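Just entry.tsv here, TSV, C-alpha atoms:
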```tsv
chain	number	residue	atom	x	y	z
P	1	MET	CA	-27.96	-28.93	-2.21
P	2	ASN	CA	-26.09	-30.30	0.76
P	3	ALA	CA	-28.09	-32.91	2.63
P	4	GLU	CA	-25.96	-32.55	5.77
P	5	LYS	CA	-26.81	-28.92	6.19
P	6	ILE	CA	-30.58	-29.00	5.87
P	7	PRO	CA	-32.19	-28.80	9.32
P	8	ASP	CA	-34.16	-31.82	10.43
P	9	ILE	CA	-37.20	-29.65	11.10
P	10	ILE	CA	-37.40	-28.88	7.37
P	11	ILE	CA	-37.02	-32.54	6.48
P	12	GLY	CA	-39.91	-33.20	8.87
P	13	ARG	CA	-42.21	-30.92	6.88
P	14	LEU	CA	-41.45	-32.40	3.45
P	15	PRO	CA	-43.59	-35.53	3.97
P	16	VAL	CA	-46.50	-33.28	4.92
P	17	TYR	CA	-46.12	-31.32	1.68
P	18	LEU	CA	-45.80	-34.57	-0.25
P	19	ARG	CA	-49.03	-35.91	1.28
P	20	ALA	CA	-50.96	-32.74	0.44
P	21	LEU	CA	-49.59	-32.62	-3.12
P	22	GLN	CA	-50.48	-36.26	-3.69
P	23	ARG	CA	-54.01	-35.48	-2.55
P	24	MET	CA	-54.21	-32.55	-4.98
P	25	ALA	CA	-52.94	-34.76	-7.81
P	26	ASP	CA	-55.51	-37.44	-6.92
P	27	ASN	CA	-58.16	-34.72	-7.18
P	28	GLY	CA	-57.01	-33.89	-10.71
P	29	LEU	CA	-55.14	-30.66	-9.99
P	30	LYS	CA	-52.10	-29.88	-12.17
P	31	THR	CA	-50.51	-26.81	-10.57
P	32	THR	CA	-50.50	-25.16	-7.17
P	33	SER	CA	-48.98	-22.22	-5.33
P	34	SER	CA	-47.18	-21.99	-2.01
P	35	GLN	CA	-50.25	-20.05	-0.84
P	36	GLU	CA	-52.67	-22.83	-1.74
P	37	LEU	CA	-50.41	-25.59	-0.43
P	38	GLY	CA	-50.01	-23.57	2.77
P	39	GLU	CA	-53.76	-23.48	3.30
P	40	HIS	CA	-53.91	-27.26	2.98
P	41	VAL	CA	-51.15	-27.96	5.47
P	42	GLY	CA	-51.48	-25.02	7.85
P	43	ILE	CA	-47.98	-23.66	7.17
P	44	SER	CA	-47.22	-20.18	5.80
P	45	ALA	CA	-46.55	-19.74	2.08
P	46	ALA	CA	-43.22	-18.06	2.89
P	47	GLN	CA	-42.10	-21.04	4.99
P	48	ILE	CA	-43.07	-23.47	2.24
P	49	ARG	CA	-41.16	-21.51	-0.41
P	50	LYS	CA	-38.13	-21.34	1.86
P	51	ASP	CA	-38.26	-25.06	2.69
P	52	ILE	CA	-38.62	-26.14	-0.93
P	53	SER	CA	-35.96	-23.72	-2.20
P	54	GLN	CA	-33.39	-25.57	-0.05
P	55	PHE	CA	-33.44	-28.28	-2.68
P	56	GLY	CA	-33.45	-26.21	-5.87
P	57	GLU	CA	-35.71	-24.07	-8.01
P	58	PHE	CA	-38.93	-26.03	-8.43
P	59	GLY	CA	-41.46	-23.27	-8.99
P	60	LYS	CA	-41.81	-20.23	-11.21
P	61	GLN	CA	-42.74	-16.77	-10.00
P	62	GLY	CA	-46.32	-16.19	-11.10
P	63	THR	CA	-47.10	-19.69	-12.38
P	64	GLY	CA	-46.44	-21.63	-9.18
P	65	TYR	CA	-45.49	-25.29	-8.95
P	66	SER	CA	-46.23	-28.14	-11.32
P	67	ILE	CA	-47.74	-30.67	-8.90
P	68	ALA	CA	-46.45	-33.71	-10.82
P	69	TYR	CA	-42.92	-32.28	-10.98
P	70	LEU	CA	-42.83	-31.26	-7.33
P	71	LEU	CA	-44.22	-34.68	-6.32
P	72	ASP	CA	-41.44	-36.39	-8.26
P	73	LYS	CA	-38.79	-34.16	-6.72
P	74	LEU	CA	-40.06	-34.60	-3.15
P	75	LYS	CA	-40.26	-38.37	-3.60
P	76	GLU	CA	-36.70	-38.35	-4.89
P	77	ILE	CA	-35.47	-36.19	-1.98
P	78	LEU	CA	-37.24	-38.37	0.59
P	79	LYS	CA	-36.12	-41.51	-1.28
P	80	VAL	CA	-39.66	-42.81	-1.65
P	81	ASN	CA	-39.52	-42.92	-5.45
P	82	HIS	CA	-39.35	-46.67	-4.91
P	83	ILE	CA	-41.04	-49.01	-2.43
P	84	TRP	CA	-39.13	-49.93	0.74
P	85	ASP	CA	-39.65	-53.37	2.23
P	86	VAL	CA	-40.56	-53.16	5.91
P	87	ALA	CA	-40.50	-55.78	8.68
P	88	LEU	CA	-43.10	-55.58	11.43
P	89	ILE	CA	-42.35	-57.08	14.84
P	90	GLY	CA	-45.25	-57.73	17.20
P	91	ALA	CA	-48.48	-59.18	15.84
P	92	GLY	CA	-50.82	-57.76	18.48
P	93	ASP	CA	-53.81	-55.47	17.86
P	94	MET	CA	-51.64	-52.60	16.61
P	95	GLY	CA	-49.53	-54.92	14.46
P	96	HIS	CA	-52.68	-56.35	12.90
P	97	ALA	CA	-54.06	-52.87	12.21
P	98	LEU	CA	-50.80	-51.85	10.52
P	99	VAL	CA	-50.60	-54.98	8.36
P	100	ARG	CA	-54.15	-54.29	7.17
P	101	TYR	CA	-53.47	-50.58	6.67
P	102	GLN	CA	-53.94	-49.74	3.00
P	103	GLY	CA	-52.01	-46.49	3.02
P	104	PHE	CA	-48.37	-47.61	2.95
P	105	THR	CA	-47.67	-48.81	-0.56
P	106	ASN	CA	-48.53	-45.61	-2.40
P	107	ARG	CA	-46.42	-43.71	0.13
P	108	GLY	CA	-43.26	-45.76	-0.43
P	109	PHE	CA	-43.54	-48.69	1.98
P	110	LYS	CA	-44.66	-52.28	2.04
P	111	ILE	CA	-44.76	-54.61	5.01
P	112	VAL	CA	-43.24	-57.85	3.76
P	113	MET	CA	-42.58	-59.78	7.00
P	114	VAL	CA	-44.40	-60.05	10.32
P	115	PHE	CA	-42.79	-61.55	13.43
P	116	ASP	CA	-44.04	-62.49	16.88
P	117	ASN	CA	-42.39	-64.31	19.78
P	118	ASN	CA	-45.62	-66.08	20.75
P	119	LYS	CA	-45.23	-69.60	19.35
P	120	GLU	CA	-49.02	-69.96	19.15
P	121	LYS	CA	-49.19	-67.02	16.74
P	122	VAL	CA	-46.34	-68.28	14.55
P	123	GLY	CA	-47.78	-69.65	11.30
P	124	GLN	CA	-51.10	-67.83	11.71
P	125	LYS	CA	-52.15	-65.59	8.84
P	126	ILE	CA	-52.83	-61.86	8.78
P	127	ASP	CA	-54.08	-60.71	5.41
P	128	GLY	CA	-52.08	-63.33	3.58
P	129	PHE	CA	-48.94	-63.03	5.72
P	130	SER	CA	-47.72	-65.96	7.77
P	131	ILE	CA	-46.56	-64.70	11.15
P	132	GLU	CA	-42.93	-65.75	11.54
P	133	ASP	CA	-40.99	-66.77	14.63
P	134	ALA	CA	-39.24	-63.79	16.23
P	135	ASP	CA	-36.30	-66.07	17.00
P	136	LYS	CA	-35.50	-65.99	13.28
P	137	LEU	CA	-35.91	-62.25	12.94
P	138	ALA	CA	-32.22	-61.30	12.78
P	139	GLU	CA	-31.37	-63.96	10.24
P	140	ARG	CA	-34.38	-63.26	8.01
P	141	ILE	CA	-33.95	-59.49	8.03
P	142	LYS	CA	-30.22	-59.71	7.39
P	143	SER	CA	-30.57	-62.07	4.46
P	144	SER	CA	-33.33	-60.01	2.86
P	145	GLY	CA	-31.50	-56.70	3.29
P	146	ILE	CA	-34.45	-54.97	4.98
P	147	LYS	CA	-33.50	-51.55	6.38
P	148	ILE	CA	-36.79	-50.44	7.95
P	149	ALA	CA	-38.76	-52.00	10.81
P	150	MET	CA	-41.91	-51.20	12.76
P	151	LEU	CA	-41.89	-52.19	16.39
P	152	THR	CA	-45.28	-53.01	17.92
P	153	VAL	CA	-44.13	-55.14	20.85
P	154	PRO	CA	-44.82	-54.41	24.54
P	155	ALA	CA	-42.51	-51.83	26.16
P	156	PRO	CA	-40.45	-54.32	28.22
P	157	ALA	CA	-39.47	-56.23	25.05
P	158	ALA	CA	-38.77	-53.23	22.82
P	159	GLN	CA	-35.10	-52.53	23.60
P	160	SER	CA	-33.94	-56.11	23.15
P	161	VAL	CA	-35.83	-56.42	19.84
P	162	ALA	CA	-34.36	-53.08	18.73
P	163	ASP	CA	-30.87	-54.38	19.51
P	164	LYS	CA	-31.50	-57.41	17.29
P	165	LEU	CA	-32.84	-55.21	14.51
P	166	VAL	CA	-29.77	-53.00	14.62
P	167	GLN	CA	-27.49	-56.02	14.53
P	168	ALA	CA	-29.42	-57.30	11.53
P	169	GLY	CA	-28.72	-54.08	9.63
P	170	VAL	CA	-31.95	-52.13	10.18
P	171	LYS	CA	-31.32	-48.38	9.87
P	172	ALA	CA	-34.77	-46.94	10.62
P	173	ILE	CA	-37.20	-48.02	13.33
P	174	LEU	CA	-40.75	-46.78	13.75
P	175	ASN	CA	-41.36	-47.53	17.41
P	176	TYR	CA	-44.92	-47.96	18.72
P	177	ALA	CA	-43.75	-49.27	22.10
P	178	PRO	CA	-44.11	-46.58	24.78
P	179	ILE	CA	-40.42	-46.42	25.65
P	180	SER	CA	-37.35	-44.53	24.39
P	181	LEU	CA	-34.85	-46.74	22.58
P	182	ASN	CA	-31.07	-46.63	22.79
P	183	VAL	CA	-29.61	-47.17	19.34
P	184	PRO	CA	-26.37	-46.15	17.59
P	185	LYS	CA	-26.29	-42.69	16.01
P	186	SER	CA	-26.38	-44.26	12.56
P	187	VAL	CA	-29.88	-45.66	13.23
P	188	LYS	CA	-32.95	-43.42	13.06
P	189	VAL	CA	-35.91	-43.90	15.39
P	190	GLN	CA	-39.30	-42.26	15.17
P	191	TYR	CA	-41.88	-42.68	17.91
P	192	ILE	CA	-45.62	-43.13	17.79
P	193	ASP	CA	-47.19	-43.00	21.23
P	194	PRO	CA	-50.72	-41.62	21.29
P	195	SER	CA	-50.52	-40.73	25.00
P	196	ILE	CA	-47.51	-38.51	24.34
P	197	HIS	CA	-49.42	-36.66	21.64
P	198	LEU	CA	-52.48	-36.33	23.86
P	199	GLN	CA	-50.45	-35.02	26.81
P	200	ARG	CA	-48.86	-32.47	24.55
P	201	MET	CA	-52.34	-31.08	23.90
P	202	THR	CA	-53.80	-31.26	27.41
P	203	TYR	CA	-51.15	-28.79	28.57
P	204	TYR	CA	-53.03	-26.17	26.57
P	205	LEU	CA	-56.56	-27.11	27.69
R	1	MET	CA	-44.23	-19.64	35.54
R	2	ASN	CA	-45.97	-18.16	32.54
R	3	ALA	CA	-47.57	-20.83	30.39
R	4	GLU	CA	-47.85	-18.50	27.41
R	5	LYS	CA	-44.13	-17.97	27.21
R	6	ILE	CA	-42.90	-21.54	27.33
R	7	PRO	CA	-41.98	-22.74	23.84
R	8	ASP	CA	-44.06	-25.57	22.42
R	9	ILE	CA	-40.93	-27.61	21.76
R	10	ILE	CA	-40.30	-27.77	25.52
R	11	ILE	CA	-43.90	-28.77	26.17
R	12	GLY	CA	-43.41	-31.52	23.62
R	13	ARG	CA	-40.55	-33.02	25.63
R	14	LEU	CA	-42.36	-33.07	28.99
R	15	PRO	CA	-44.52	-36.13	28.15
R	16	VAL	CA	-41.33	-38.00	27.22
R	17	TYR	CA	-39.79	-37.18	30.60
R	18	LEU	CA	-43.04	-38.16	32.30
R	19	ARG	CA	-43.09	-41.52	30.55
R	20	ALA	CA	-39.47	-42.29	31.50
R	21	LEU	CA	-40.01	-41.21	35.12
R	22	GLN	CA	-43.13	-43.36	35.41
R	23	ARG	CA	-41.11	-46.29	34.15
R	24	MET	CA	-38.41	-45.64	36.75
R	25	ALA	CA	-41.06	-45.42	39.48
R	26	ASP	CA	-42.62	-48.69	38.28
R	27	ASN	CA	-39.16	-50.23	38.59
R	28	GLY	CA	-38.96	-49.12	42.22
R	29	LEU	CA	-36.54	-46.20	41.83
R	30	LYS	CA	-36.98	-43.24	44.20
R	31	THR	CA	-34.59	-40.58	42.90
R	32	THR	CA	-32.91	-39.75	39.62
R	33	SER	CA	-30.60	-37.18	38.06
R	34	SER	CA	-30.87	-35.19	34.86
R	35	GLN	CA	-27.92	-37.29	33.67
R	36	GLU	CA	-29.71	-40.60	34.27
R	37	LEU	CA	-33.03	-39.34	32.88
R	38	GLY	CA	-31.14	-38.05	29.86
R	39	GLU	CA	-29.69	-41.47	29.16
R	40	HIS	CA	-33.19	-42.95	29.20
R	41	VAL	CA	-34.70	-40.44	26.80
R	42	GLY	CA	-31.72	-39.56	24.60
R	43	ILE	CA	-31.72	-35.86	25.57
R	44	SER	CA	-28.79	-34.05	27.21
R	45	ALA	CA	-28.79	-33.52	30.98
R	46	ALA	CA	-28.37	-29.77	30.45
R	47	GLN	CA	-31.43	-29.62	28.21
R	48	ILE	CA	-33.50	-31.56	30.72
R	49	ARG	CA	-32.46	-29.27	33.60
R	50	LYS	CA	-33.24	-26.22	31.49
R	51	ASP	CA	-36.65	-27.58	30.41
R	52	ILE	CA	-37.72	-28.53	33.93
R	53	SER	CA	-36.47	-25.30	35.47
R	54	GLN	CA	-38.98	-23.40	33.33
R	55	PHE	CA	-41.62	-24.56	35.76
R	56	GLY	CA	-39.83	-24.06	39.07
R	57	GLU	CA	-37.13	-25.60	41.24
R	58	PHE	CA	-37.87	-29.32	41.36
R	59	GLY	CA	-34.43	-30.78	41.99
R	60	LYS	CA	-31.55	-30.20	44.37
R	61	GLN	CA	-27.93	-29.79	43.38
R	62	GLY	CA	-26.17	-32.99	44.34
R	63	THR	CA	-29.22	-35.03	45.34
R	64	GLY	CA	-31.13	-34.85	42.06
R	65	TYR	CA	-34.87	-35.24	41.63
R	66	SER	CA	-37.39	-37.10	43.76
R	67	ILE	CA	-39.11	-39.21	41.10
R	68	ALA	CA	-42.49	-39.18	42.87
R	69	TYR	CA	-42.40	-35.42	43.31
R	70	LEU	CA	-41.32	-34.72	39.73
R	71	LEU	CA	-43.96	-37.13	38.44
R	72	ASP	CA	-46.64	-35.27	40.38
R	73	LYS	CA	-45.42	-31.91	39.14
R	74	LEU	CA	-45.22	-33.00	35.49
R	75	LYS	CA	-48.70	-34.53	35.66
R	76	GLU	CA	-49.98	-31.28	37.11
R	77	ILE	CA	-48.27	-29.17	34.43
R	78	LEU	CA	-49.57	-31.41	31.63
R	79	LYS	CA	-52.99	-31.59	33.33
R	80	VAL	CA	-52.97	-35.38	33.43
R	81	ASN	CA	-53.31	-35.55	37.21
R	82	HIS	CA	-56.86	-36.66	36.43
R	83	ILE	CA	-58.33	-38.88	33.71
R	84	TRP	CA	-59.70	-37.20	30.58
R	85	ASP	CA	-62.67	-38.78	28.82
R	86	VAL	CA	-61.97	-39.30	25.13
R	87	ALA	CA	-64.31	-39.97	22.19
R	88	LEU	CA	-63.08	-42.14	19.33
R	89	ILE	CA	-64.57	-41.74	15.88
R	90	GLY	CA	-64.05	-44.49	13.34
R	91	ALA	CA	-64.35	-48.12	14.44
R	92	GLY	CA	-62.06	-49.62	11.80
R	93	ASP	CA	-58.91	-51.65	12.42
R	94	MET	CA	-57.04	-48.73	13.98
R	95	GLY	CA	-60.05	-47.70	16.06
R	96	HIS	CA	-60.35	-51.25	17.36
R	97	ALA	CA	-56.65	-51.38	18.22
R	98	LEU	CA	-56.91	-48.09	20.14
R	99	VAL	CA	-60.02	-49.14	22.07
R	100	ARG	CA	-58.19	-52.30	23.13
R	101	TYR	CA	-54.98	-50.41	23.91
R	102	GLN	CA	-54.22	-50.81	27.62
R	103	GLY	CA	-51.86	-47.88	27.91
R	104	PHE	CA	-54.17	-44.87	28.08
R	105	THR	CA	-55.70	-44.88	31.53
R	106	ASN	CA	-52.50	-44.70	33.54
R	107	ARG	CA	-51.34	-41.89	31.25
R	108	GLY	CA	-54.40	-39.69	31.83
R	109	PHE	CA	-56.93	-40.81	29.21
R	110	LYS	CA	-59.90	-43.10	28.85
R	111	ILE	CA	-61.89	-43.80	25.72
R	112	VAL	CA	-65.53	-43.60	26.81
R	113	MET	CA	-67.41	-43.43	23.49
R	114	VAL	CA	-66.85	-44.99	20.07
R	115	PHE	CA	-68.68	-43.80	16.95
R	116	ASP	CA	-68.96	-45.05	13.40
R	117	ASN	CA	-71.08	-43.94	10.46
R	118	ASN	CA	-71.57	-47.51	9.20
R	119	LYS	CA	-75.06	-48.49	10.37
R	120	GLU	CA	-74.07	-52.15	10.37
R	121	LYS	CA	-71.39	-51.45	12.97
R	122	VAL	CA	-73.67	-49.37	15.20
R	123	GLY	CA	-74.58	-51.41	18.27
R	124	GLN	CA	-71.71	-53.86	17.84
R	125	LYS	CA	-69.38	-54.25	20.79
R	126	ILE	CA	-65.66	-53.61	21.08
R	127	ASP	CA	-64.30	-54.60	24.46
R	128	GLY	CA	-67.55	-53.76	26.21
R	129	PHE	CA	-68.27	-50.59	24.23
R	130	SER	CA	-71.33	-50.33	22.04
R	131	ILE	CA	-70.41	-48.56	18.82
R	132	GLU	CA	-72.65	-45.51	18.53
R	133	ASP	CA	-74.14	-43.85	15.49
R	134	ALA	CA	-71.90	-41.06	14.18
R	135	ASP	CA	-75.04	-39.05	13.39
R	136	LYS	CA	-75.42	-38.53	17.14
R	137	LEU	CA	-71.78	-37.64	17.72
R	138	ALA	CA	-72.20	-33.86	18.13
R	139	GLU	CA	-75.11	-34.17	20.52
R	140	ARG	CA	-73.49	-36.90	22.64
R	141	ILE	CA	-70.12	-35.17	22.89
R	142	LYS	CA	-71.66	-31.82	23.70
R	143	SER	CA	-73.90	-33.17	26.44
R	144	SER	CA	-71.07	-35.16	28.04
R	145	GLY	CA	-68.62	-32.25	27.93
R	146	ILE	CA	-65.87	-34.28	26.24
R	147	LYS	CA	-62.93	-32.12	25.13
R	148	ILE	CA	-60.66	-34.70	23.47
R	149	ALA	CA	-61.29	-36.88	20.42
R	150	MET	CA	-59.34	-39.41	18.38
R	151	LEU	CA	-60.10	-39.48	14.69
R	152	THR	CA	-59.60	-42.84	12.96
R	153	VAL	CA	-61.85	-42.29	9.94
R	154	PRO	CA	-60.75	-42.43	6.27
R	155	ALA	CA	-59.08	-39.26	4.95
R	156	PRO	CA	-62.03	-38.06	2.83
R	157	ALA	CA	-64.31	-38.03	5.90
R	158	ALA	CA	-61.87	-36.48	8.36
R	159	GLN	CA	-62.46	-32.76	7.80
R	160	SER	CA	-66.24	-32.95	8.07
R	161	VAL	CA	-66.02	-35.05	11.24
R	162	ALA	CA	-63.47	-32.60	12.65
R	163	ASP	CA	-65.87	-29.73	11.95
R	164	LYS	CA	-68.58	-31.52	13.93
R	165	LEU	CA	-66.19	-32.21	16.79
R	166	VAL	CA	-65.21	-28.55	16.98
R	167	GLN	CA	-68.84	-27.48	16.98
R	168	ALA	CA	-69.51	-29.95	19.79
R	169	GLY	CA	-66.83	-28.30	21.93
R	170	VAL	CA	-63.85	-30.60	21.36
R	171	LYS	CA	-60.57	-28.74	21.96
R	172	ALA	CA	-57.98	-31.41	21.16
R	173	ILE	CA	-57.99	-33.87	18.26
R	174	LEU	CA	-55.57	-36.72	17.76
R	175	ASN	CA	-55.88	-37.30	14.03
R	176	TYR	CA	-54.95	-40.67	12.51
R	177	ALA	CA	-56.45	-39.80	9.13
R	178	PRO	CA	-53.65	-39.01	6.63
R	179	ILE	CA	-54.78	-35.45	5.94
R	180	SER	CA	-54.14	-32.02	7.46
R	181	LEU	CA	-57.19	-30.58	9.24
R	182	ASN	CA	-58.40	-26.99	9.22
R	183	VAL	CA	-59.59	-26.05	12.70
R	184	PRO	CA	-59.85	-22.79	14.67
R	185	LYS	CA	-56.71	-21.63	16.49
R	186	SER	CA	-58.32	-22.50	19.82
R	187	VAL	CA	-58.37	-26.20	18.88
R	188	LYS	CA	-55.20	-28.31	19.05
R	189	VAL	CA	-54.50	-31.07	16.56
R	190	GLN	CA	-51.78	-33.69	16.73
R	191	TYR	CA	-51.14	-36.05	13.84
R	192	ILE	CA	-50.25	-39.71	13.74
R	193	ASP	CA	-49.42	-40.89	10.25
R	194	PRO	CA	-46.88	-43.72	10.11
R	195	SER	CA	-45.94	-42.96	6.49
R	196	ILE	CA	-44.95	-39.42	7.45
R	197	HIS	CA	-42.68	-40.76	10.18
R	198	LEU	CA	-41.19	-43.34	7.85
R	199	GLN	CA	-40.54	-40.77	5.09
R	200	ARG	CA	-38.82	-38.57	7.59
R	201	MET	CA	-36.33	-41.39	8.17
R	202	THR	CA	-35.81	-42.58	4.59
R	203	TYR	CA	-34.39	-39.16	3.74
R	204	TYR	CA	-31.36	-40.13	5.83
R	205	LEU	CA	-30.95	-43.67	4.47
```

Whole structure given in structure tokens:
Amino acid sequence: MNAEKIPDIIIGRLPVYLRALQRMADNGLKTTSSQELGEHVGISAAQIRKDISQFGEFGKQGTGYSIAYLLDKLKEILKVNHIWDVALIGAGDMGHALVRYQGFTNRGFKIVMVFDNNKEKVGQKIDGFSIEDADKLAERIKSSGIKIAMLTVPAPAAQSVADKLVQAGVKAILNYAPISLNVPKSVKVQYIDPSIHLQRMTYYL
Amino acid sequence: MNAEKIPDIIIGRLPVYLRALQRMADNGLKTTSSQELGEHVGISAAQIRKDISQFGEFGKQGTGYSIAYLLDKLKEILKVNHIWDVALIGAGDMGHALVRYQGFTNRGFKIVMVFDNNKEKVGQKIDGFSIEDADKLAERIKSSGIKIAMLTVPAPAAQSVADKLVQAGVKAILNYAPISLNVPKSVKVQYIDPSIHLQRMTYYL
């Protein structure tokens, strides 16, 4: 296994497999096949076998995959066999929805800090969190060693906040602001913009 | 131009170009180059020229692209030169955040109906919308001719709601529920699951 050589498109599918396997495990299943997993995720069995085999031999011809074992392996590969602390910047509607979202912790993530630059919001509570002053963001993130941030600020503010996050040592940004960010190569950015996803579908309508 | 032959990965980049160009136009710019656009979106100038040339000759060597013209063309290609009505199903935290989201209309979309299966929510207002009874979803969507839906229901409910949407004539689903959906080939699904995006980044950390 050589992490450098595995194409990003394969890495992108692993979380989808992990999610489906976790669901099977929650439903009490013990083993599965690439065929069955493929039906759940809408990807061919051959592609799944090929993707998974990049990381070693996790299944047996004829008996398929142990779900618990494959779950453990995928969590290890994706480094979500522990919980990552996450900082959220921007306590608007989307920020609130994400703080209240129940689905992060059992997927490897926990929002532990929430920042906003609106002084009237600072000190307010969301689900037990005190909203903190965005002016202290760099200092707080640096001292706590947080590597992952979610950005739910308006587009015009996003780049300058991203710059501060990078300076504070953040290495992965999930950006909800509808704007492309310029960051150093060593920092990963993923984008969530519902209009982009919708436009990608309307082309085909 | 043959829509069938253009790879989906190119289609996926067009909304990103559109977003950056709209931002340039909002900032008062009149023309741009593939180089400049590339810097905004983090994609090479050569790739941008190649992608755009799939659809015709929209720029001139030396003078670059007219932003207004390219905007019009991209909107036409992506079929967002008019506003699509969208139904939202699931009036939880995420549903509320999306209904309040200001960024859809100038990108080609407008949420016009909101459904929930919780009878206590039915009739409540979100930003002027009355939440409607999910039991009437199929009938209402069919009679209004809506083709696009956003799904913000819990994972266990998502597939059965998706089935109803498909039966009602919906052709594009933006799914926020953390589960893969089985739909006919003629129906497009895009997924938004923040944990998937985060896991895709932790691999590299």

Pull the closest atom pair for each residue of chain P that gets at most 6 Å from chain R, along with the distance in Å to one decimal, counting all atoms listed in the file, ordering rows by chain and then ascending residue number, as CSV.
```
residue,atom,partner,partner_atom,distance
P:Gly12,CA,R:Arg200,CA,5.6
P:Pro15,CA,R:Ile196,CA,5.4
P:Val41,CA,R:Ser180,CA,5.4
P:Leu78,CA,R:Tyr203,CA,4.3
P:Lys79,CA,R:Tyr203,CA,5.8
P:Asp93,CA,R:Ala97,CA,5.0
P:Met94,CA,R:Ala97,CA,5.4
P:Ala97,CA,R:Asp93,CA,5.0
P:Ser180,CA,R:Val41,CA,5.4
P:Ile196,CA,R:Pro15,CA,5.4
P:Arg200,CA,R:Gly12,CA,5.6
P:Thr202,CA,R:Leu78,CA,6.0
P:Tyr203,CA,R:Leu78,CA,4.3
```

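Of note, atom CA of P:Lys110 and atom CA of P:Lys125 are spaced 16.7 Å apart.
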
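With atom CA of R:Ile146 on one side and atom CA of R:Ile89 on the other, the separation reads 12.8 Å.
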
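Atom CA of R:Val86 sits 4.5 Å away from atom CA of R:Ile111.
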
Using only C-alpha atoms - which residues lie no farther than 9 Å from the point (-31.1, -56.4, 4.6) in the file's frame? Write them as a list of chain:residue names. P:Arg140, P:Ile141, P:Lys142, P:Ser143, P:Ser144, P:Gly145, P:Ile146, P:Lys147, P:Ile148, P:Ala168, P:Gly169, P:Val170

Could you list, as a PDB file with C-alpha atoms, in the frame of the given file, every residue within 8 Å of stretch 69-71 of chain R, counting all atoms listed in the file and ignoring same-chain residues fewer than 2 positions away?
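Output contents, as saved in out_39.pdb:
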```
ATOM      1  CA  LEU R  18     -43.040 -38.160  32.300  1.00  0.00           C
ATOM      2  CA  LEU R  21     -40.010 -41.210  35.120  1.00  0.00           C
ATOM      3  CA  GLN R  22     -43.130 -43.360  35.410  1.00  0.00           C
ATOM      4  CA  PHE R  58     -37.870 -29.320  41.360  1.00  0.00           C
ATOM      5  CA  TYR R  65     -34.870 -35.240  41.630  1.00  0.00           C
ATOM      6  CA  SER R  66     -37.390 -37.100  43.760  1.00  0.00           C
ATOM      7  CA  ILE R  67     -39.110 -39.210  41.100  1.00  0.00           C
ATOM      8  CA  LYS R  73     -45.420 -31.910  39.140  1.00  0.00           C
ATOM      9  CA  LEU R  74     -45.220 -33.000  35.490  1.00  0.00           C
ATOM     10  CA  LYS R  75     -48.700 -34.530  35.660  1.00  0.00           C
TER      11      LYS R  75
END
```

From the list R:Asn27, R:Gln47, R:Ser33, R:Gln54, which residue is nearest R:Ile6 when using all atoms listed in the file?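 For R:Ile6, the nearest of the candidates is R:Gln54.
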
Would you place a box with edges along x, y and z of the file around all atoms of stretch 14-26 of chain P listed there, add 8 Å to each of its six sides, and report the centre and edge lengths in Å to one decimal, as lines of an AutoDock Vina configuration file?
```
center_x = -48.5
center_y = -34.4
center_z = -1.4
size_x = 30.1
size_y = 22.1
size_z = 28.7
```
